[in-house]
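One file, data-v3.txt, is given below (compact mmCIF, C-alpha atoms).
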# COMPACT_ATOMS: atom_id res chain seq x y z
CA ARG A 146 21.29 54.93 139.31
CA LYS A 147 21.10 54.84 143.12
CA GLU A 148 23.99 53.18 144.91
CA VAL A 149 21.56 51.04 146.93
CA GLU A 150 18.17 50.18 145.48
CA GLN A 151 15.18 48.64 147.17
CA ASP A 152 11.61 48.00 146.16
CA PRO A 153 9.71 50.55 148.28
CA GLY A 154 6.68 48.29 148.56
CA PRO A 155 4.41 48.35 150.41
CA PHE A 156 4.36 44.65 151.10
CA ASN A 157 1.11 43.68 152.83
CA VAL A 158 1.18 40.13 154.15
CA PRO A 159 -1.00 38.13 156.55
CA GLU A 160 0.27 37.11 159.94
CA GLY A 161 2.30 33.92 159.73
CA ALA A 162 3.37 34.47 156.15
CA THR A 163 6.92 34.32 154.87
CA VAL A 164 8.13 37.45 153.11
CA ALA A 165 11.39 38.27 151.37
CA PHE A 166 12.99 41.56 150.41
CA ASN A 167 15.82 42.08 147.98
CA CYS A 168 18.26 44.92 147.70
CA THR A 169 20.85 45.60 145.00
CA TYR A 170 24.00 47.66 145.30
CA SER A 171 26.10 49.16 142.57
CA ASN A 172 29.57 49.43 144.13
CA SER A 173 31.35 46.11 143.72
CA ALA A 174 33.96 47.25 146.27
CA SER A 175 31.36 47.24 149.04
CA GLN A 176 32.55 45.36 152.09
CA SER A 177 29.89 45.47 154.77
CA PHE A 178 26.18 44.90 154.61
CA PHE A 179 23.36 45.39 157.08
CA TRP A 180 19.62 45.40 157.47
CA TYR A 181 18.15 48.13 159.65
CA ARG A 182 14.57 48.41 160.79
CA GLN A 183 12.78 51.74 161.09
CA ASP A 184 9.34 52.05 162.65
CA CYS A 185 7.10 54.90 161.60
CA ARG A 186 8.53 58.22 162.79
CA LYS A 187 11.18 56.41 164.79
CA GLU A 188 14.93 56.04 164.51
CA PRO A 189 16.59 53.26 162.49
CA LYS A 190 17.78 50.30 164.53
CA LEU A 191 20.23 47.64 163.46
CA LEU A 192 18.39 44.41 162.73
CA MET A 193 21.30 42.29 161.60
CA SER A 194 24.60 42.32 159.78
CA VAL A 195 24.82 40.27 156.61
CA TYR A 196 27.71 37.87 156.20
CA SER A 197 29.01 36.22 153.07
CA SER A 198 27.96 32.78 154.21
CA GLY A 199 24.47 33.95 155.09
CA ASN A 200 23.21 34.22 158.62
CA GLU A 201 20.10 33.63 160.62
CA ASP A 202 18.67 35.26 163.71
CA GLY A 203 15.49 33.60 164.85
CA ARG A 204 12.84 34.15 162.19
CA PHE A 205 15.15 36.37 160.13
CA THR A 206 17.59 35.12 157.51
CA ALA A 207 19.96 37.33 155.56
CA GLN A 208 21.81 36.35 152.41
CA LEU A 209 24.52 38.04 150.38
CA ASN A 210 25.26 37.36 146.73
CA ARG A 211 28.44 39.24 145.83
CA ALA A 212 28.50 38.04 142.23
CA SER A 213 25.07 39.50 141.55
CA GLN A 214 25.48 42.32 144.06
CA TYR A 215 22.31 41.76 145.98
CA ILE A 216 21.29 41.19 149.56
CA SER A 217 18.12 39.55 150.77
CA LEU A 218 16.15 39.42 153.99
CA LEU A 219 13.69 36.62 154.67
CA ILE A 220 11.18 36.87 157.48
CA ARG A 221 9.38 33.67 158.45
CA ASP A 222 6.17 33.41 160.47
CA SER A 223 5.52 37.16 160.25
CA LYS A 224 4.24 38.90 163.35
CA LEU A 225 2.19 42.08 163.56
CA SER A 226 5.18 43.65 165.30
CA ASP A 227 7.32 43.08 162.21
CA SER A 228 5.45 45.92 160.49
CA ALA A 229 8.10 48.53 159.74
CA THR A 230 10.34 49.85 157.01
CA TYR A 231 13.40 47.72 156.35
CA LEU A 232 16.52 49.58 155.25
CA CYS A 233 19.27 47.91 153.27
CA VAL A 234 22.63 49.41 154.18
CA VAL A 235 25.96 48.98 152.43
CA SER A 236 29.42 50.22 153.31
CA ARG A 237 32.61 50.40 151.27
CA SER A 238 34.37 49.53 154.48
CA GLY A 239 33.24 49.06 158.06
CA SER A 240 33.14 52.82 158.39
CA ALA A 241 29.80 54.27 159.39
CA ARG A 242 30.73 57.40 157.44
CA GLN A 243 30.68 55.33 154.31
CA LEU A 244 27.36 53.70 154.97
CA THR A 245 24.90 54.07 152.13
CA PHE A 246 21.29 53.59 153.13
CA GLY A 247 18.60 52.39 150.80
CA SER A 248 15.31 54.23 150.93
CA GLY A 249 13.63 51.24 152.52
CA THR A 250 10.95 48.63 151.92
CA GLN A 251 7.71 49.07 153.80
CA LEU A 252 6.17 45.95 155.34
CA THR A 253 2.71 45.73 156.88
CA VAL A 254 1.69 42.49 158.54
CA LEU A 255 -2.08 42.15 158.65
CA PRO A 256 -4.07 40.28 161.31
CA GLY B 95 20.09 53.46 180.32
CA ALA B 96 19.28 56.58 178.34
CA GLY B 97 19.62 56.45 174.60
CA VAL B 98 20.61 59.18 172.16
CA SER B 99 18.48 62.22 172.84
CA GLN B 100 17.64 64.86 170.24
CA SER B 101 15.80 68.14 170.56
CA PRO B 102 13.55 69.57 169.44
CA SER B 103 11.59 66.65 168.03
CA ASN B 104 9.90 69.01 165.58
CA LYS B 105 10.96 72.40 164.28
CA VAL B 106 9.02 74.62 161.91
CA THR B 107 10.83 77.66 160.63
CA GLU B 108 10.58 80.27 157.93
CA LYS B 109 12.86 80.32 154.94
CA GLY B 110 15.95 82.37 155.67
CA LYS B 111 15.98 81.80 159.42
CA ASP B 112 18.75 79.98 161.28
CA VAL B 113 18.04 76.82 163.27
CA GLU B 114 19.95 74.82 165.87
CA LEU B 115 19.42 71.13 166.43
CA ARG B 116 20.77 69.41 169.49
CA CYS B 117 22.06 65.88 170.09
CA ASP B 118 22.96 64.33 173.42
CA PRO B 119 24.74 61.02 172.74
CA ILE B 120 24.87 58.01 174.98
CA SER B 121 27.20 58.66 177.87
CA GLY B 122 30.70 57.38 177.15
CA HIS B 123 30.21 57.11 173.39
CA THR B 124 33.17 58.69 171.67
CA ALA B 125 31.85 58.77 168.12
CA LEU B 126 28.95 60.97 167.03
CA TYR B 127 27.36 61.25 163.59
CA TRP B 128 24.75 63.47 162.00
CA TYR B 129 22.61 62.15 159.14
CA ARG B 130 19.76 63.62 157.15
CA GLN B 131 16.75 61.65 155.91
CA SER B 132 14.61 63.31 153.27
CA LEU B 133 11.17 62.00 152.42
CA GLY B 134 11.44 58.76 150.47
CA GLN B 135 15.24 58.88 150.52
CA GLY B 136 17.94 56.96 152.32
CA LEU B 137 19.96 58.44 155.13
CA GLU B 138 22.63 60.88 154.01
CA PHE B 139 25.82 61.25 156.08
CA LEU B 140 26.56 64.83 157.12
CA ILE B 141 29.34 65.01 159.71
CA TYR B 142 31.32 62.84 162.13
CA PHE B 143 32.99 63.65 165.44
CA GLN B 144 35.50 61.42 167.20
CA GLY B 145 36.82 62.50 170.57
CA ASN B 146 38.91 65.65 170.25
CA SER B 147 39.90 65.03 166.64
CA ALA B 148 38.96 67.40 163.87
CA PRO B 149 35.49 66.48 162.59
CA ASP B 150 34.90 64.89 159.20
CA LYS B 151 32.69 67.45 157.48
CA SER B 152 32.76 65.79 154.08
CA GLY B 153 29.02 65.18 153.99
CA LEU B 154 27.83 68.71 154.71
CA PRO B 155 25.82 69.86 151.67
CA SER B 156 26.76 73.54 151.82
CA ASP B 157 28.55 76.12 153.95
CA ARG B 158 25.21 77.01 155.52
CA PHE B 159 25.58 73.83 157.56
CA SER B 160 27.94 73.60 160.53
CA ALA B 161 28.20 71.53 163.68
CA GLU B 162 29.99 71.62 166.98
CA ARG B 163 30.60 69.10 169.69
CA THR B 164 31.42 70.60 173.05
CA GLY B 165 33.38 68.69 175.66
CA GLY B 166 33.23 65.53 173.63
CA SER B 167 29.55 65.11 174.43
CA VAL B 168 26.62 67.25 173.28
CA SER B 169 26.56 68.29 169.64
CA THR B 170 24.71 71.11 167.89
CA LEU B 171 23.95 71.16 164.16
CA THR B 172 23.32 74.67 162.87
CA ILE B 173 21.68 75.49 159.56
CA GLN B 174 21.92 79.12 158.54
CA ARG B 175 19.54 80.88 156.15
CA THR B 176 17.35 77.79 155.86
CA GLN B 177 15.91 76.82 152.49
CA GLN B 178 12.87 74.69 151.72
CA GLU B 179 15.10 71.88 150.47
CA ASP B 180 16.58 71.64 153.98
CA SER B 181 13.27 70.16 155.16
CA ALA B 182 14.06 66.64 156.38
CA VAL B 183 14.54 64.53 159.47
CA TYR B 184 17.95 65.14 161.01
CA LEU B 185 19.21 62.08 162.86
CA CYS B 186 22.07 61.86 165.29
CA ALA B 187 23.84 58.61 166.10
CA SER B 188 26.58 57.63 168.49
CA SER B 189 28.80 54.62 168.97
CA LEU B 190 31.14 53.46 171.65
CA TYR B 191 34.25 53.08 169.53
CA PRO B 192 35.82 55.15 166.77
CA ASP B 193 34.68 54.80 163.21
CA THR B 194 36.96 52.03 162.03
CA ALA B 195 36.47 48.86 160.07
CA THR B 196 34.90 47.11 163.00
CA ASN B 197 31.26 47.51 162.04
CA GLU B 198 30.57 49.11 165.36
CA LYS B 199 26.87 49.36 166.07
CA LEU B 200 25.28 52.78 165.71
CA PHE B 201 22.62 53.97 168.12
CA PHE B 202 20.31 56.53 166.60
CA GLY B 203 18.26 59.24 168.23
CA SER B 204 14.64 59.69 167.22
CA GLY B 205 15.51 62.70 165.10
CA THR B 206 14.38 66.27 164.58
CA GLN B 207 11.75 66.83 161.90
CA LEU B 208 12.65 70.15 160.30
CA SER B 209 10.08 71.91 158.16
CA VAL B 210 11.07 75.07 156.32
CA LEU B 211 8.10 77.06 155.09
Structure rendered as structure tokens:
Amino acid sequence: RKEVEQDPGPFNVPEGATVAFNCTYSNSASQSFFWYRQDCRKEPKLLMSVYSSGNEDGRFTAQLNRASQYISLLIRDSKLSDSATYLCVVSRSGSARQLTFGSGTQLTVLP
Amino acid sequence: GAGVSQSPSNKVTEKGKDVELRCDPISGHTALYWYRQSLGQGLEFLIYFQGNSAPDKSGLPSDRFSAERTGGSVSTLTIQRTQQEDSAVYLCASSLYPDTATNEKLFFGSGTQLSVL
């Protein structure tokens, strides 16, 4: 079983739609959680950290459920520019050496 | 300002040849990481440099892989006697502060696509 699992998609949604991705992790000792965004043939970029209480950044909302060991990302009012692969990332500490990246969920927002 | 720069962007080589991949981190960033991303897989940590400290090589998959960081800046990842399974995107990242429990943001380069024929 992979340490971080994501549905690879693709998710194809119309502009303006709300879309949610889930990610599960296997190591209950995991401490830090992130969502990264990776455009096609580009480098990953940090989208947002995920905090225990849940957090929001504009149209993006991240949630963490430690009991069930999953993380979610909700995107409201999808834009064409949201089309990308979303990587779920988990760390046993804050150390970037201990980051485990999921293989990503592909999102395409259609006009 | 300039981001993390990697070269070449694409490298095609024959099995058994050696390759060198270069990373130029953001100026002033003390921490530098190499990752590998295989098709359909998550990023895999390879090696970490912090200032003048001994590097953390715990992620290197075999002794064919090595890396240097000269003068605390530019880094070179060398793969000797390349194999087809080495084909992947090799990503470099840097951060301003050491790799501690501070969730310091990583800045990635655009990677080198390595294809071993």
(message) Residues of chain A within 9 Å of chain B, counting only C-alpha atoms, what are they? List them as an MDAnalysis selection string.
(response) chainID A and resid 149 153 177 186:191 194 232 238:249
(request) Would you mind listing what lies within 10 Å of segment 111-122 of chain B as a ChimeraX atom specification, with all atoms listed in the file counted and same-chain residues fewer than 3 positions away left out? (result) /B:95-108,125-128,158-163,166-177,184-191,201-203,205-208,210
Let's have the selection written as an mmCIF file, in the coordinates of the input, with C-alpha atoms.
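To be explicit, this is the file written out as again.cif:
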data_model
loop_
_atom_site.group_PDB
_atom_site.id
_atom_site.type_symbol
_atom_site.label_atom_id
_atom_site.label_comp_id
_atom_site.auth_asym_id
_atom_site.auth_seq_id
_atom_site.Cartn_x
_atom_site.Cartn_y
_atom_site.Cartn_z
ATOM 1 C CA GLY B 95 20.090 53.460 180.320
ATOM 2 C CA ALA B 96 19.280 56.580 178.340
ATOM 3 C CA GLY B 97 19.620 56.450 174.600
ATOM 4 C CA VAL B 98 20.610 59.180 172.160
ATOM 5 C CA SER B 99 18.480 62.220 172.840
ATOM 6 C CA GLN B 100 17.640 64.860 170.240
ATOM 7 C CA SER B 101 15.800 68.140 170.560
ATOM 8 C CA PRO B 102 13.550 69.570 169.440
ATOM 9 C CA SER B 103 11.590 66.650 168.030
ATOM 10 C CA ASN B 104 9.900 69.010 165.580
ATOM 11 C CA LYS B 105 10.960 72.400 164.280
ATOM 12 C CA VAL B 106 9.020 74.620 161.910
ATOM 13 C CA THR B 107 10.830 77.660 160.630
ATOM 14 C CA GLU B 108 10.580 80.270 157.930
ATOM 15 C CA ALA B 125 31.850 58.770 168.120
ATOM 16 C CA LEU B 126 28.950 60.970 167.030
ATOM 17 C CA TYR B 127 27.360 61.250 163.590
ATOM 18 C CA TRP B 128 24.750 63.470 162.000
ATOM 19 C CA ARG B 158 25.210 77.010 155.520
ATOM 20 C CA PHE B 159 25.580 73.830 157.560
ATOM 21 C CA SER B 160 27.940 73.600 160.530
ATOM 22 C CA ALA B 161 28.200 71.530 163.680
ATOM 23 C CA GLU B 162 29.990 71.620 166.980
ATOM 24 C CA ARG B 163 30.600 69.100 169.690
ATOM 25 C CA GLY B 166 33.230 65.530 173.630
ATOM 26 C CA SER B 167 29.550 65.110 174.430
ATOM 27 C CA VAL B 168 26.620 67.250 173.280
ATOM 28 C CA SER B 169 26.560 68.290 169.640
ATOM 29 C CA THR B 170 24.710 71.110 167.890
ATOM 30 C CA LEU B 171 23.950 71.160 164.160
ATOM 31 C CA THR B 172 23.320 74.670 162.870
ATOM 32 C CA ILE B 173 21.680 75.490 159.560
ATOM 33 C CA GLN B 174 21.920 79.120 158.540
ATOM 34 C CA ARG B 175 19.540 80.880 156.150
ATOM 35 C CA THR B 176 17.350 77.790 155.860
ATOM 36 C CA GLN B 177 15.910 76.820 152.490
ATOM 37 C CA TYR B 184 17.950 65.140 161.010
ATOM 38 C CA LEU B 185 19.210 62.080 162.860
ATOM 39 C CA CYS B 186 22.070 61.860 165.290
ATOM 40 C CA ALA B 187 23.840 58.610 166.100
ATOM 41 C CA SER B 188 26.580 57.630 168.490
ATOM 42 C CA SER B 189 28.800 54.620 168.970
ATOM 43 C CA LEU B 190 31.140 53.460 171.650
ATOM 44 C CA TYR B 191 34.250 53.080 169.530
ATOM 45 C CA PHE B 201 22.620 53.970 168.120
ATOM 46 C CA PHE B 202 20.310 56.530 166.600
ATOM 47 C CA GLY B 203 18.260 59.240 168.230
ATOM 48 C CA GLY B 205 15.510 62.700 165.100
ATOM 49 C CA THR B 206 14.380 66.270 164.580
ATOM 50 C CA GLN B 207 11.750 66.830 161.900
ATOM 51 C CA LEU B 208 12.650 70.150 160.300
ATOM 52 C CA VAL B 210 11.070 75.070 156.320
#
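Closest approach to Met193 of chain A among A:Tyr231, A:Tyr215, A:Trp180, A:Phe156 is made by A:Trp180 (distances from only C-alpha atoms).
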Using only the atoms of segment 169-181 of chain B listed in the file, plus 8 Å on each side, state the axis-aligned box centre and edge lengths in Å rounded to one decimal, as lines of an AutoDock Vina configuration file.
center_x = 19.7
center_y = 74.6
center_z = 160.1
size_x = 29.7
size_y = 28.6
size_z = 35.2
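Atom CA of Cys168 of chain A is found 17.9 Å from atom CA of Arg221 of chain A.
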Skipping near chain neighbours, those fewer than 5 positions away, what residues fall within 10 Å of Arg211 of chain A using all atoms listed in the file, listed as a JSON list (two decimals) with C-alpha atoms, keeping the file's coordinate frame?
[["chain", "number", "residue", "atom", "x", "y", "z"],
["A", 169, "THR", "CA", 20.85, 45.60, 145.00],
["A", 170, "TYR", "CA", 24.00, 47.66, 145.30],
["A", 173, "SER", "CA", 31.35, 46.11, 143.72],
["A", 174, "ALA", "CA", 33.96, 47.25, 146.27],
["A", 175, "SER", "CA", 31.36, 47.24, 149.04],
["A", 176, "GLN", "CA", 32.55, 45.36, 152.09],
["A", 197, "SER", "CA", 29.01, 36.22, 153.07],
["A", 216, "ILE", "CA", 21.29, 41.19, 149.56]]
(request) For Gln251 of chain A, please output as a ChimeraX atom specification all residues within 6 Å (counting all atoms listed in the file; exclusion window: fewer than 4 positions along the same chain). (result) /A:154-155,229-230
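Between atom CA of Val235 of chain A and atom CA of Asn210 of chain A lies a distance of 13.0 Å.
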Env of Ile220 of chain A: 6 Å cut, atoms = only C-alpha atoms, seq-sep filter 2 positions within chain, self excluded. Answer as a PDB file with C-alpha atoms, keeping the file's coordinate frame.
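Result written to part27.pdb:
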ATOM      1  CA  THR A 163       6.920  34.320 154.870  1.00  0.00           C
ATOM      2  CA  VAL A 164       8.130  37.450 153.110  1.00  0.00           C
ATOM      3  CA  ARG A 204      12.840  34.150 162.190  1.00  0.00           C
ATOM      4  CA  PHE A 205      15.150  36.370 160.130  1.00  0.00           C
TER       5      PHE A 205
END
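Here atom CA of Gln183 of chain A and atom CA of Cys233 of chain A stand 10.9 Å from one another.
Using all atoms listed in the file, the nearest neighbour of Gly199 of chain A within the list A:Val254, A:Ala162, A:Cys185, A:Leu219 is A:Leu219.
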(message) Can you pull out the residues contacting Tyr196 of chain A? Cut-off 9 Å, using only C-alpha atoms, and skip same-chain residues under 6 positions away; I want them as a list in words.
(response) Ser177, Phe178, Phe179, Ala207, Gln208 and Leu209 of chain A
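Between Ser217 of chain A and the residues A:Phe166, A:Gln151, A:Gly203, A:Leu255, the shortest atom-to-atom distance, using only C-alpha atoms, involves A:Phe166.
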